[in-house]
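**Q** Here you go, target16.txt (compact mmCIF, C-alpha atoms and all ligand atoms):
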# COMPACT_ATOMS: atom_id res chain seq x y z
CA MET A 1 -2.51 5.24 -14.32
CA LYS A 2 -1.77 8.56 -12.64
CA PHE A 3 2.02 8.59 -12.44
CA PRO A 4 3.32 11.51 -10.36
CA LEU A 5 5.67 13.98 -12.06
CA ILE A 6 9.12 12.51 -11.66
CA PRO A 7 11.97 14.93 -11.03
CA GLU A 8 15.44 13.65 -11.89
CA HIS A 9 16.35 13.23 -8.23
CA ALA A 10 13.96 12.57 -5.40
CA ARG A 11 14.84 14.05 -2.05
CA VAL A 12 14.46 12.07 1.15
CA SER A 13 14.90 13.79 4.48
CA LEU A 14 16.06 12.04 7.67
CA GLN A 15 15.85 13.24 11.24
CA ARG A 16 17.05 11.65 14.46
CA LEU A 17 14.30 11.27 17.10
CA LYS A 18 14.65 9.04 20.12
CA THR A 19 11.39 9.54 22.02
CA TYR A 20 7.77 10.41 21.33
CA ASN A 21 7.83 13.41 23.66
CA SER A 22 5.30 15.73 21.99
CA THR A 23 7.45 18.89 21.98
CA GLU A 24 10.49 17.05 20.62
CA THR A 25 8.37 15.21 18.07
CA LEU A 26 6.89 18.41 16.67
CA ALA A 27 10.31 20.10 16.52
CA ALA A 28 11.86 17.06 14.80
CA LEU A 29 9.02 16.91 12.29
CA GLU A 30 9.42 20.58 11.38
CA LYS A 31 13.15 20.04 10.91
CA LEU A 32 12.46 16.91 8.86
CA LEU A 33 10.20 18.76 6.44
CA GLU A 34 12.43 21.85 6.10
CA PRO A 35 14.57 20.47 3.23
CA LEU A 36 11.37 19.49 1.40
CA GLY A 37 9.98 23.04 1.63
CA GLY A 38 8.00 22.56 4.85
CA MET A 39 4.41 21.35 5.10
CA GLY A 40 3.36 24.39 3.06
CA ALA A 41 5.00 22.86 -0.01
CA PHE A 42 2.43 20.05 0.14
CA VAL A 43 -0.67 21.55 1.73
CA LYS A 44 -2.32 24.74 0.48
CA PRO A 45 -5.06 26.63 2.36
CA GLY A 46 -8.50 25.11 1.91
CA GLN A 47 -7.27 21.79 0.51
CA LYS A 48 -8.81 18.54 1.73
CA VAL A 49 -5.95 16.65 3.36
CA LEU A 50 -6.23 12.96 4.19
CA ILE A 51 -3.73 11.48 6.64
CA LYS A 52 -3.33 7.74 6.18
CA PRO A 53 -1.54 6.20 9.20
CA ASN A 54 -0.89 2.52 9.78
CA LEU A 55 -3.93 1.31 11.75
CA LEU A 56 -3.35 -2.40 11.34
CA SER A 57 -5.03 -3.55 14.54
CA GLY A 58 -6.11 -2.35 17.97
CA LYS A 59 -2.86 -2.42 19.91
CA SER A 60 -1.43 0.12 22.34
CA PRO A 61 1.27 2.46 20.96
CA GLU A 62 4.08 0.62 22.83
CA LYS A 63 3.46 -2.51 20.74
CA ALA A 64 4.66 -0.55 17.68
CA VAL A 65 1.95 -2.05 15.47
CA THR A 66 0.40 1.31 14.55
CA THR A 67 1.78 4.77 13.78
CA HIS A 68 2.50 6.48 17.11
CA PRO A 69 -0.22 8.97 18.16
CA GLU A 70 2.33 11.74 18.88
CA ILE A 71 3.59 11.53 15.29
CA VAL A 72 -0.03 11.71 14.15
CA ARG A 73 -0.64 14.73 16.41
CA ALA A 74 2.38 16.62 15.03
CA VAL A 75 1.43 15.90 11.40
CA ILE A 76 -2.18 17.01 11.99
CA GLN A 77 -0.96 20.22 13.60
CA LEU A 78 1.41 21.11 10.75
CA ALA A 79 -1.20 20.31 8.10
CA GLN A 80 -3.80 22.43 9.93
CA ASP A 81 -1.28 25.26 10.37
CA ALA A 82 -0.73 25.16 6.61
CA GLY A 83 -4.48 25.77 6.16
CA GLY A 84 -5.59 22.25 5.24
CA GLU A 85 -8.98 20.76 6.12
CA VAL A 86 -7.53 17.68 7.73
CA SER A 87 -9.10 14.25 8.08
CA LEU A 88 -7.58 10.92 9.05
CA GLY A 89 -8.67 7.49 7.94
CA ASP A 90 -7.73 3.88 7.31
CA SER A 91 -9.27 0.46 6.96
CA PRO A 92 -7.67 -1.83 9.55
CA GLY A 93 -6.83 -5.45 8.80
CA ILE A 94 -8.59 -6.60 11.97
CA GLY A 95 -11.38 -4.84 13.87
CA SER A 96 -13.53 -1.77 13.32
CA PRO A 97 -11.70 1.46 12.41
CA GLU A 98 -13.07 3.24 15.51
CA ASN A 99 -11.97 0.49 17.91
CA VAL A 100 -8.54 0.23 16.37
CA ALA A 101 -8.07 4.00 16.36
CA ARG A 102 -9.24 4.17 19.99
CA LYS A 103 -6.93 1.41 21.24
CA SER A 104 -3.93 2.78 19.35
CA GLY A 105 -4.38 6.22 20.95
CA ILE A 106 -4.98 7.84 17.56
CA LEU A 107 -8.70 8.57 18.01
CA THR A 108 -7.96 10.60 21.16
CA VAL A 109 -5.48 12.71 19.18
CA VAL A 110 -8.00 13.13 16.38
CA GLU A 111 -10.62 14.35 18.86
CA GLU A 112 -8.20 16.69 20.64
CA THR A 113 -7.10 18.31 17.40
CA SER A 114 -10.57 18.68 15.81
CA CYS A 115 -9.42 16.59 12.89
CA ARG A 116 -12.16 14.58 11.14
CA PHE A 117 -12.10 10.79 11.47
CA VAL A 118 -13.10 8.96 8.30
CA PRO A 119 -13.32 5.19 8.72
CA PHE A 120 -12.97 3.86 5.19
CA GLU A 121 -16.26 2.15 4.36
CA LYS A 122 -17.42 2.99 0.87
CA SER A 123 -15.41 1.27 -1.82
CA VAL A 124 -15.28 2.18 -5.50
CA THR A 125 -13.73 0.42 -8.46
CA ILE A 126 -11.08 2.35 -10.33
CA HIS A 127 -9.59 1.49 -13.69
CA PRO A 128 -5.95 2.50 -13.78
CA THR A 129 -4.36 2.54 -17.22
CA GLY A 130 -0.82 1.79 -18.23
CA GLY A 131 -0.13 -0.85 -15.59
CA THR A 132 -0.89 -4.54 -15.15
CA PHE A 133 -3.91 -4.31 -12.85
CA GLN A 134 -6.84 -2.80 -14.75
CA GLN A 135 -9.27 -2.88 -11.84
CA LEU A 136 -8.63 -1.93 -8.24
CA GLU A 137 -11.07 -1.20 -5.45
CA VAL A 138 -10.28 1.66 -3.09
CA ALA A 139 -11.98 3.80 -0.46
CA GLN A 140 -13.99 6.73 -1.78
CA ASP A 141 -12.46 8.96 0.94
CA VAL A 142 -9.01 8.44 -0.51
CA LEU A 143 -10.17 9.54 -3.97
CA ASP A 144 -11.95 12.58 -2.50
CA ALA A 145 -8.79 14.02 -0.92
CA ASP A 146 -6.80 16.79 -2.62
CA VAL A 147 -3.67 15.77 -0.73
CA ILE A 148 -2.80 12.41 0.79
CA ILE A 149 -0.21 12.28 3.56
CA ASN A 150 1.01 8.71 3.88
CA LEU A 151 2.07 8.01 7.47
CA PRO A 152 3.47 4.49 7.81
CA LYS A 153 5.24 2.74 10.67
CA LEU A 154 8.49 1.04 9.68
CA LYS A 155 7.97 -2.67 10.37
CA THR A 156 8.97 -6.07 9.12
CA HIS A 157 6.35 -7.90 7.08
CA GLN A 158 6.32 -11.68 6.89
CA MET A 159 5.04 -11.70 3.34
CA MET A 160 6.63 -8.62 1.76
CA GLY A 161 9.76 -8.28 3.91
CA LEU A 162 9.05 -4.72 5.02
CA THR A 163 6.02 -2.48 5.30
CA CYS A 164 6.71 1.19 4.83
CA GLY A 165 5.67 3.84 2.28
CA VAL A 166 4.42 1.66 -0.59
CA LYS A 167 2.75 -1.07 1.45
CA ASN A 168 0.98 1.38 3.79
CA MET A 169 -1.28 2.53 0.93
CA PHE A 170 -2.80 -0.97 0.84
CA GLY A 171 -4.95 0.33 3.72
CA ALA A 172 -6.86 2.30 1.07
CA VAL A 173 -8.48 -1.01 0.12
CA VAL A 174 -11.59 -1.41 2.26
CA GLY A 175 -12.06 -4.26 4.76
CA LEU A 176 -12.62 -7.70 3.33
CA ARG A 177 -11.49 -6.58 -0.09
CA LYS A 178 -7.94 -6.83 1.26
CA PRO A 179 -7.88 -10.63 1.59
CA ARG A 180 -9.69 -10.73 -1.75
CA LEU A 181 -6.84 -8.80 -3.36
CA HIS A 182 -4.35 -11.12 -1.66
CA LEU A 183 -6.22 -13.99 -3.22
CA GLN A 184 -6.49 -12.19 -6.54
CA ALA A 185 -2.73 -11.84 -6.82
CA GLY A 186 -2.42 -15.59 -6.33
CA THR A 187 0.50 -17.35 -4.74
CA ASP A 188 3.06 -15.23 -6.51
CA LYS A 189 4.56 -12.62 -4.20
CA ALA A 190 6.02 -10.75 -7.15
CA PHE A 191 2.52 -10.09 -8.54
CA PHE A 192 1.26 -9.04 -5.13
CA ALA A 193 4.20 -6.64 -4.83
CA LEU A 194 3.46 -5.32 -8.32
CA MET A 195 -0.14 -4.69 -7.32
CA LEU A 196 1.04 -2.76 -4.24
CA LEU A 197 3.33 -0.65 -6.41
CA GLU A 198 0.58 0.11 -8.92
CA LEU A 199 -1.93 0.92 -6.18
CA CYS A 200 0.50 3.32 -4.52
CA GLU A 201 1.40 4.97 -7.84
CA THR A 202 -2.26 5.35 -8.71
CA LEU A 203 -3.15 6.98 -5.39
CA ALA A 204 0.05 9.07 -5.48
CA PRO A 205 0.37 10.34 -1.91
CA ALA A 206 1.93 13.82 -1.97
CA LEU A 207 4.04 13.25 1.11
CA THR A 208 5.22 10.15 2.94
CA ILE A 209 6.41 10.51 6.53
CA VAL A 210 7.73 7.37 8.24
CA ASP A 211 7.51 6.71 11.96
CA ALA A 212 10.78 4.84 12.53
CA VAL A 213 11.36 6.07 16.07
CA ILE A 214 10.31 2.71 17.45
CA GLY A 215 9.83 0.25 14.60
CA MET A 216 9.16 -3.46 14.55
CA GLU A 217 11.54 -6.35 13.84
CA GLY A 218 10.98 -10.11 13.63
CA GLU A 219 7.48 -11.37 13.02
CA GLY A 220 5.86 -8.17 11.74
CA PRO A 221 3.62 -6.54 10.89
CA GLY A 222 1.49 -7.56 13.90
CA SER A 223 3.48 -9.86 16.18
CA GLY A 224 7.11 -8.73 16.02
CA GLU A 225 9.23 -7.01 18.65
CA PRO A 226 9.32 -3.23 19.02
CA VAL A 227 12.82 -1.96 18.27
CA GLN A 228 14.42 1.44 18.70
CA ILE A 229 15.45 2.80 15.31
CA GLY A 230 15.41 6.45 16.33
CA ALA A 231 14.54 8.18 13.08
CA LEU A 232 11.90 9.95 11.02
CA LEU A 233 12.00 9.83 7.21
CA ALA A 234 10.08 11.91 4.70
CA GLY A 235 9.86 12.38 0.97
CA SER A 236 7.42 13.04 -1.82
CA HIS A 237 7.97 9.66 -3.49
CA PRO A 238 7.08 6.54 -1.44
CA GLN A 239 9.46 4.41 -3.48
CA ALA A 240 12.39 6.70 -2.68
CA VAL A 241 11.47 6.71 1.01
CA ASP A 242 11.34 2.89 1.01
CA THR A 243 14.77 2.67 -0.61
CA VAL A 244 16.22 4.71 2.27
CA ALA A 245 14.18 2.78 4.88
CA THR A 246 15.50 -0.54 3.52
CA GLU A 247 19.07 0.75 3.81
CA LEU A 248 18.39 2.23 7.27
CA VAL A 249 17.55 -1.16 8.77
CA GLY A 250 20.28 -2.95 6.82
CA LEU A 251 18.07 -5.12 4.60
CA GLN A 252 19.00 -5.98 1.02
CA PRO A 253 16.58 -5.00 -1.76
CA HIS A 254 15.91 -8.69 -2.52
CA GLN A 255 14.58 -9.10 1.05
CA VAL A 256 11.85 -6.53 0.37
CA TYR A 257 9.48 -7.70 -2.36
CA THR A 258 8.19 -4.27 -3.36
CA GLN A 259 11.80 -3.06 -3.73
CA GLN A 260 12.78 -6.10 -5.74
CA GLN A 261 9.75 -5.76 -7.99
CA ALA A 262 10.37 -2.03 -8.46
CA ILE A 263 13.95 -2.77 -9.55
CA GLN A 264 12.88 -5.55 -11.90
CA THR A 265 10.27 -3.34 -13.56
CA GLY A 266 12.70 -0.44 -14.01
CA ARG A 267 10.96 1.97 -11.66
CA PRO A 268 12.90 5.04 -10.49
CA TYR A 269 14.38 5.72 -7.05
CA THR A 270 15.35 2.19 -6.17
CA GLN A 271 19.04 3.09 -5.78
CA LEU A 272 20.53 5.47 -3.23
CA GLN A 273 22.54 7.15 -6.02
CA GLN A 274 19.24 8.35 -7.54
CA LEU A 275 18.31 10.13 -4.32
CA GLU A 276 19.29 13.35 -2.61
CA LEU A 277 19.47 12.81 1.12
CA SER A 278 19.04 15.70 3.57
CA GLY A 279 19.08 16.11 7.35
CA ASP A 280 20.90 13.72 9.66
CA PRO A 281 23.33 11.45 7.77
CA LEU A 282 21.96 8.02 6.90
CA GLU A 283 25.24 6.40 8.04
CA SER A 284 24.79 7.82 11.55
CA LEU A 285 21.26 6.39 11.85
CA LYS A 286 21.77 2.95 10.33
CA MET A 287 20.94 -0.14 12.40
CA ASN A 288 23.31 -3.10 12.59
CA ASN A 289 21.28 -5.91 14.09
CA PHE A 290 17.76 -5.46 12.74
CA ARG A 291 16.04 -8.83 12.76
CA PRO A 292 14.22 -9.55 9.48
CA ALA A 293 10.90 -11.40 9.37
CA LYS A 294 10.71 -15.12 8.81
CA MET A 295 9.06 -15.11 5.43
CA THR A 296 5.76 -16.88 4.83
CA ASP A 297 3.83 -17.52 1.68
CA VAL A 298 0.65 -15.74 0.61
CA ASN A 299 -1.69 -18.50 1.73
CA PHE A 300 -2.28 -17.12 5.26
CA GLY A 301 -1.87 -20.67 6.58
CA LEU A 302 -4.86 -21.91 4.54
CA ASN A 303 -4.52 -25.32 2.99
CA ARG A 304 -4.36 -25.41 -0.77
CA GLY A 305 -7.89 -26.74 -1.30
CA LEU A 306 -9.55 -24.15 0.92
CA LYS A 307 -7.53 -21.37 -0.61
CA HIS A 308 -8.48 -22.56 -4.09
CA TYR A 309 -12.17 -22.53 -3.09
CA LEU A 310 -11.99 -19.10 -1.42
CA ARG A 311 -10.15 -17.60 -4.34
CA ASN A 312 -12.80 -18.72 -6.80
CA ALA A 313 -15.65 -17.82 -4.46
CA LEU A 314 -14.39 -14.40 -3.40
CA THR A 315 -12.96 -12.94 -6.59
CA ALA A 316 -14.24 -12.12 -10.04
CA ARG A 317 -12.53 -13.78 -12.99
CA PRO A 318 -12.52 -13.40 -16.74
CA GLU A 319 -14.45 -16.01 -18.69
CA PRO A 320 -14.26 -16.40 -22.45
CA ASP A 321 -17.43 -16.21 -24.54
CA HIS A 322 -16.47 -18.81 -27.09
CA LYS A 323 -19.07 -17.56 -29.57
CA LEU A 324 -17.43 -14.12 -29.69
CA CYS A 325 -13.81 -15.20 -29.41
CA ARG A 326 -11.99 -15.15 -32.78
CA LEU A 327 -8.91 -16.93 -31.40
CA CYS A 328 -6.74 -13.99 -32.40
CA ASN A 329 -4.25 -14.78 -29.61
CA ASP A 330 -3.86 -11.14 -28.48
CA CYS A 331 -4.87 -11.86 -24.89
CA VAL A 332 -2.67 -14.96 -24.78
CA THR A 333 0.46 -13.02 -25.68
CA HIS A 334 -0.28 -10.22 -23.20
CA CYS A 335 -1.42 -12.20 -20.16
CA PRO A 336 1.20 -11.24 -17.48
CA PRO A 337 1.47 -14.65 -15.74
CA GLU A 338 0.97 -16.59 -19.04
CA ALA A 339 -2.21 -18.18 -17.74
CA MET A 340 -3.96 -18.32 -21.15
CA LYS A 341 -3.61 -20.61 -24.10
CA ILE A 342 -5.53 -21.69 -27.18
CA LYS A 343 -6.03 -25.42 -27.27
CA GLY A 344 -8.22 -27.36 -29.66
CA ASN A 345 -9.73 -24.18 -31.12
CA LYS A 346 -10.75 -22.94 -27.68
CA LEU A 347 -9.32 -20.24 -25.45
CA GLN A 348 -8.45 -21.69 -22.05
CA ILE A 349 -7.56 -19.91 -18.81
CA ASP A 350 -5.60 -21.53 -16.00
CA TYR A 351 -7.37 -19.97 -13.02
CA ASP A 352 -4.74 -21.19 -10.56
CA HIS A 353 -2.28 -18.82 -12.20
CA CYS A 354 -4.65 -16.06 -13.33
CA ILE A 355 -4.05 -12.95 -11.17
CA ARG A 356 -7.43 -11.40 -12.07
CA CYS A 357 -5.76 -8.32 -13.52
CA PHE A 358 -8.34 -8.12 -16.37
CA CYS A 359 -5.72 -7.07 -18.93
CA CYS A 360 -7.23 -9.63 -21.30
CA GLN A 361 -10.69 -8.09 -21.03
CA GLU A 362 -9.26 -4.63 -21.55
CA LEU A 363 -7.46 -5.50 -24.75
CA CYS A 364 -9.76 -8.04 -26.42
CA PRO A 365 -10.88 -6.33 -29.65
CA HIS A 366 -14.03 -8.50 -29.85
CA GLY A 367 -15.43 -8.12 -26.32
CA ALA A 368 -15.10 -11.85 -25.84
CA LEU A 369 -14.10 -11.87 -22.19
CA MET A 370 -16.88 -11.64 -19.65
CA THR A 371 -16.63 -11.08 -15.91
CA LYS A 372 -17.77 -13.94 -13.75
CA GLN A 373 -18.18 -13.18 -10.06
CA GLY A 374 -17.54 -15.88 -7.47
CA ILE A 375 -20.48 -17.03 -5.36
CA LEU A 376 -19.38 -15.37 -2.11
CA LEU A 377 -18.59 -12.15 -3.95
CA ARG A 378 -22.10 -12.14 -5.46
CA LEU A 379 -23.58 -12.80 -2.04
CA HIS A 380 -21.51 -9.99 -0.51
CA ASN A 381 -22.57 -7.54 -3.24
CA PHE A 382 -26.21 -8.57 -2.83
CA LEU A 383 -26.12 -8.01 0.93
CA GLN A 384 -24.46 -4.63 0.49
CA LYS A 385 -27.29 -3.45 -1.77
CA LYS A 386 -29.97 -4.40 0.77
S1 LIG B 1 -8.23 -11.34 -27.48
FE1 LIG B 1 -10.41 -11.81 -27.50
S2 LIG B 1 -10.81 -12.68 -29.49
FE2 LIG B 1 -8.59 -12.73 -29.21
S3 LIG B 1 -8.21 -14.78 -28.34
FE3 LIG B 1 -8.46 -13.39 -26.63
S4 LIG B 1 -10.63 -13.52 -26.10
FE4 LIG B 1 -10.40 -14.39 -28.14
S1 LIG B 2 -6.26 -14.47 -17.80
FE1 LIG B 2 -6.72 -12.28 -18.01
S2 LIG B 2 -7.17 -11.65 -15.91
FE2 LIG B 2 -6.11 -13.60 -15.78
S3 LIG B 2 -3.98 -13.05 -15.53
FE3 LIG B 2 -4.30 -13.36 -17.71
S4 LIG B 2 -4.73 -11.30 -18.48
FE4 LIG B 2 -4.98 -11.22 -16.25
Can I see the file as structure tokens?
**A**
Amino acid sequence: MKFPLIPEHARVSLQRLKTYNSTETLAALEKLLEPLGGMGAFVKPGQKVLIKPNLLSGKSPEKAVTTHPEIVRAVIQLAQDAGGEVSLGDSPGIGSPENVARKSGILTVVEETSCRFVPFEKSVTIHPTGGTFQQLEVAQDVLDADVIINLPKLKTHQMMGLTCGVKNMFGAVVGLRKPRLHLQAGTDKAFFALMLLELCETLAPALTIVDAVIGMEGEGPGSGEPVQIGALLAGSHPQAVDTVATELVGLQPHQVYTQQQAIQTGRPYTQLQQLELSGDPLESLKMNNFRPAKMTDVNFGLNRGLKHYLRNALTARPEPDHKLCRLCNDCVTHCPPEAMKIKGNKLQIDYDHCIRCFCCQELCPHGALMTKQGILLRLHNFLQKK
């Protein structure tokens, strides 16, 4: 896994901003980035810069579902002024990237600024090392960028508690592969949060800028209420930015699954004491009555039987080759959710608990774990090749 260089303290900058007036937004953004060295500290002339906003679904900017177009405009301008070749892309949860970008006002900004629009379409499998998830599928455009600017909207999230810097990088997973990854991580939110953390660490955005001018409370990320927060946040480490964002809206770390998982796995920048804050004081921006999301499970309302079917049909899973397996127990002791056991001289996998991380396949010294693709996944791959 590509862990970013970790300085002892991460700096997070905060800036008050009450409206999306374009002049004020640009001025506030410049002020926000000043303590971090300005945009020039992140973007060098000639570099390929990818801006990754939140383009969840095709809603107008006032609904606060997507990153506001004026924030996008200001970020594009600063990145272009720094000499970057700027493109913008995402893979929405619902709808085509063009339609979503058009309805959210972002495509107009992209066209007006001569930025390149890159709807994420081509997906490639990467093999991060050092973490739990040994296979992840991400958009080729994300891997092609020299610099990623992560541009989330601060919103509640009914499954993860909050969507901000870490969760926004899940948009790098293309289209229908998103629900597949949800299914892959199983019913355990902690494993899904861990996958989000590992994905974000692997993609390592250079700069995260949060649109928290108008955020979302209640039933986010798509159906909550817009709420005035009145702030921009920025930092080079998404985890650090999320720690400040969590504090800003008055949530506890245990209410945000990625935060909780980061703390439990000993990741840095989960405590305010580990951070250097610059700009407007956090205390002066903090919200008192932010309404958290009603939490739901990871089943998307599907009944257990259907979810079980879809999970098996849409994901790949490890399958032991009993002729090759020497019953050495290595995979059993390293399986993160303890879904493996040896019973009656046979290796068994409990697929209801298997999170499809493929750690077992990676470490088996005898190559005894094969990959079996579900029927719908095989069909999907077949149709893609045609
Ligand atoms: S690590 Fe390989 S050989 Fe050992 S028990 Fe697991 S599958 Fe069998
Ligand atoms: S059985 Fe293999 S793929 Fe499944 S959770 Fe365990 S280690 Fe991961």
**Q** Select, from A:Asn288, A:Gln261, A:Asn150, A:Gln348, the residue with the minimum atom-to-atom distance to ligand LIG 2 (chain B), counting all atoms listed in the file.
**A**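 Nearest candidate to ligand LIG 2 (chain B) out of A:Asn288, A:Gln261, A:Asn150, A:Gln348: A:Gln348.
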**Q** Taking 5 positions as the minimum chain separation for residues in the same chain, which residues sit within 9 Å of segment 52-68 of chain A when counting all atoms listed in the file? Answer as a ChimeraX atom specification.
**A** /A:20,73,87-97,99-106,142,148-155,168-169,171-172,210-211,213-216,220-227
**Q** Take the point (5.1, 8.5, 0.6) in the file's coordinates, draw a sphere of radius 6 Å around it, and report as a list of chain:residue names every protein, DNA or RNA residue with an atom inside or on it, counting all atoms listed in the file.
**A**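 Residues close enough to count: A:Asn150, A:Gly165, A:Pro205, A:Leu207, A:Thr208, A:Ser236, A:His237, A:Pro238.
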**Q** How close does chain A get to ligand LIG 1 (chain B)? List, as a tab-separated table, each residue of chain A within 7 Å, its nearest atom pair and the distance in Å to one decimal, counting only C-alpha atoms and all ligand atoms.
**A**
residue	atom	partner	partner_atom	distance
A:Pro320	CA	B:LIG1	S4	5.9
A:Leu324	CA	B:LIG1	S2	6.8
A:Cys325	CA	B:LIG1	FE4	3.7
A:Arg326	CA	B:LIG1	S2	4.3
A:Leu327	CA	B:LIG1	S3	3.8
A:Cys328	CA	B:LIG1	FE2	3.9
A:Asn329	CA	B:LIG1	S3	4.2
A:Asp330	CA	B:LIG1	S1	4.5
A:Cys331	CA	B:LIG1	FE3	4.3
A:Val332	CA	B:LIG1	FE3	6.3
A:Leu347	CA	B:LIG1	S3	6.3
A:Cys360	CA	B:LIG1	S1	6.5
A:Leu363	CA	B:LIG1	S1	6.5
A:Cys364	CA	B:LIG1	S1	3.8
A:Pro365	CA	B:LIG1	FE1	5.9
A:His366	CA	B:LIG1	S2	5.3
A:Gly367	CA	B:LIG1	FE1	6.3
A:Ala368	CA	B:LIG1	S4	4.8
A:Leu369	CA	B:LIG1	S4	5.5
**Q** Expressed in Å to a single decimal, how great is the separation between atom CA of Val110 of chain A and atom CA of Ser123 of chain A?
**A**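 Interatomic distance here is 23.0 Å.
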**Q** What is the distance between atom CA of Val109 of chain A and atom CA of Leu233 of chain A, in Å to one decimal?
**A**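 Answer for the atom CA of Val109 of chain A to atom CA of Leu233 of chain A separation: 21.4 Å.
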**Q** For atom CA of Ala74 of chain A and atom CA of Val256 of chain A, determine how far apart the two atoms are, in Å to one decimal place.
**A**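 Distance reported for this atom pair: 29.0 Å.
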**Q** All residues within 8 Å of ligand LIG 2 (chain B) are required, counting all atoms listed in the file; please report them as a list in words.
**A**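 Sorted by chain and then by number, the residues are Thr132, Phe133, Arg317, Pro318, Cys331, Val332, His334, Cys335, Pro336, Pro337, Glu338, Ala339, Met340, Ile349, Asp350, Tyr351, His353, Cys354, Ile355, Arg356, Cys357, Phe358, Cys359, Cys360 and Gln361 of chain A.
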**Q** Would you compute the box with edges along x, y and z of the file around segment 311-330 of chain A, including every atom the file lists for it and 3 Å extra on each side, and give its centre and edge lengths in Å to one decimal, as JSON?
**A**
{"center_x": -11.5, "center_y": -15.0, "center_z": -18.1, "size_x": 21.2, "size_y": 13.7, "size_z": 35.4}
**Q** For Met160 of chain A, which residue among A:Ala316, A:Leu199, A:Ala245, A:Ala293 is the nearest when counting only C-alpha atoms?
**A**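 Smallest distance to Met160 of chain A is found for A:Ala293.
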**Q** Closest to Glu283 of chain A among A:Lys178, A:Lys48, A:Lys31, A:Arg16, using only C-alpha atoms?
**A** A:Arg16
**Q** Have a look at A:Ala212, A:Leu379, A:Val72, A:Val166 and name the one nearest to Gln239 of chain A; count only C-alpha atoms.
**A**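 The answer is A:Val166, which sits nearest to Gln239 of chain A.
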**Q** Find the spatial neighbours of Gly279 of chain A, counting all atoms listed in the file, within a cut-off of 7 Å - ignore same-chain residues fewer than 2 positions away - and output them as a list in words.
**A** Ser13, Leu14, Gln15, Leu32 and Pro281 of chain A
**Q** Need the shell around Glu198 of chain A: protein/DNA/RNA residues with any atom at most 10 Å away, counting all atoms listed in the file. Skip same-chain ones fewer than 4 positions apart. Format as JSON, numbers by chain?
**A** {"A": [1, 2, 3, 128, 129, 130, 131, 132, 133, 134, 136, 166, 192, 193, 194, 202, 203, 204]}
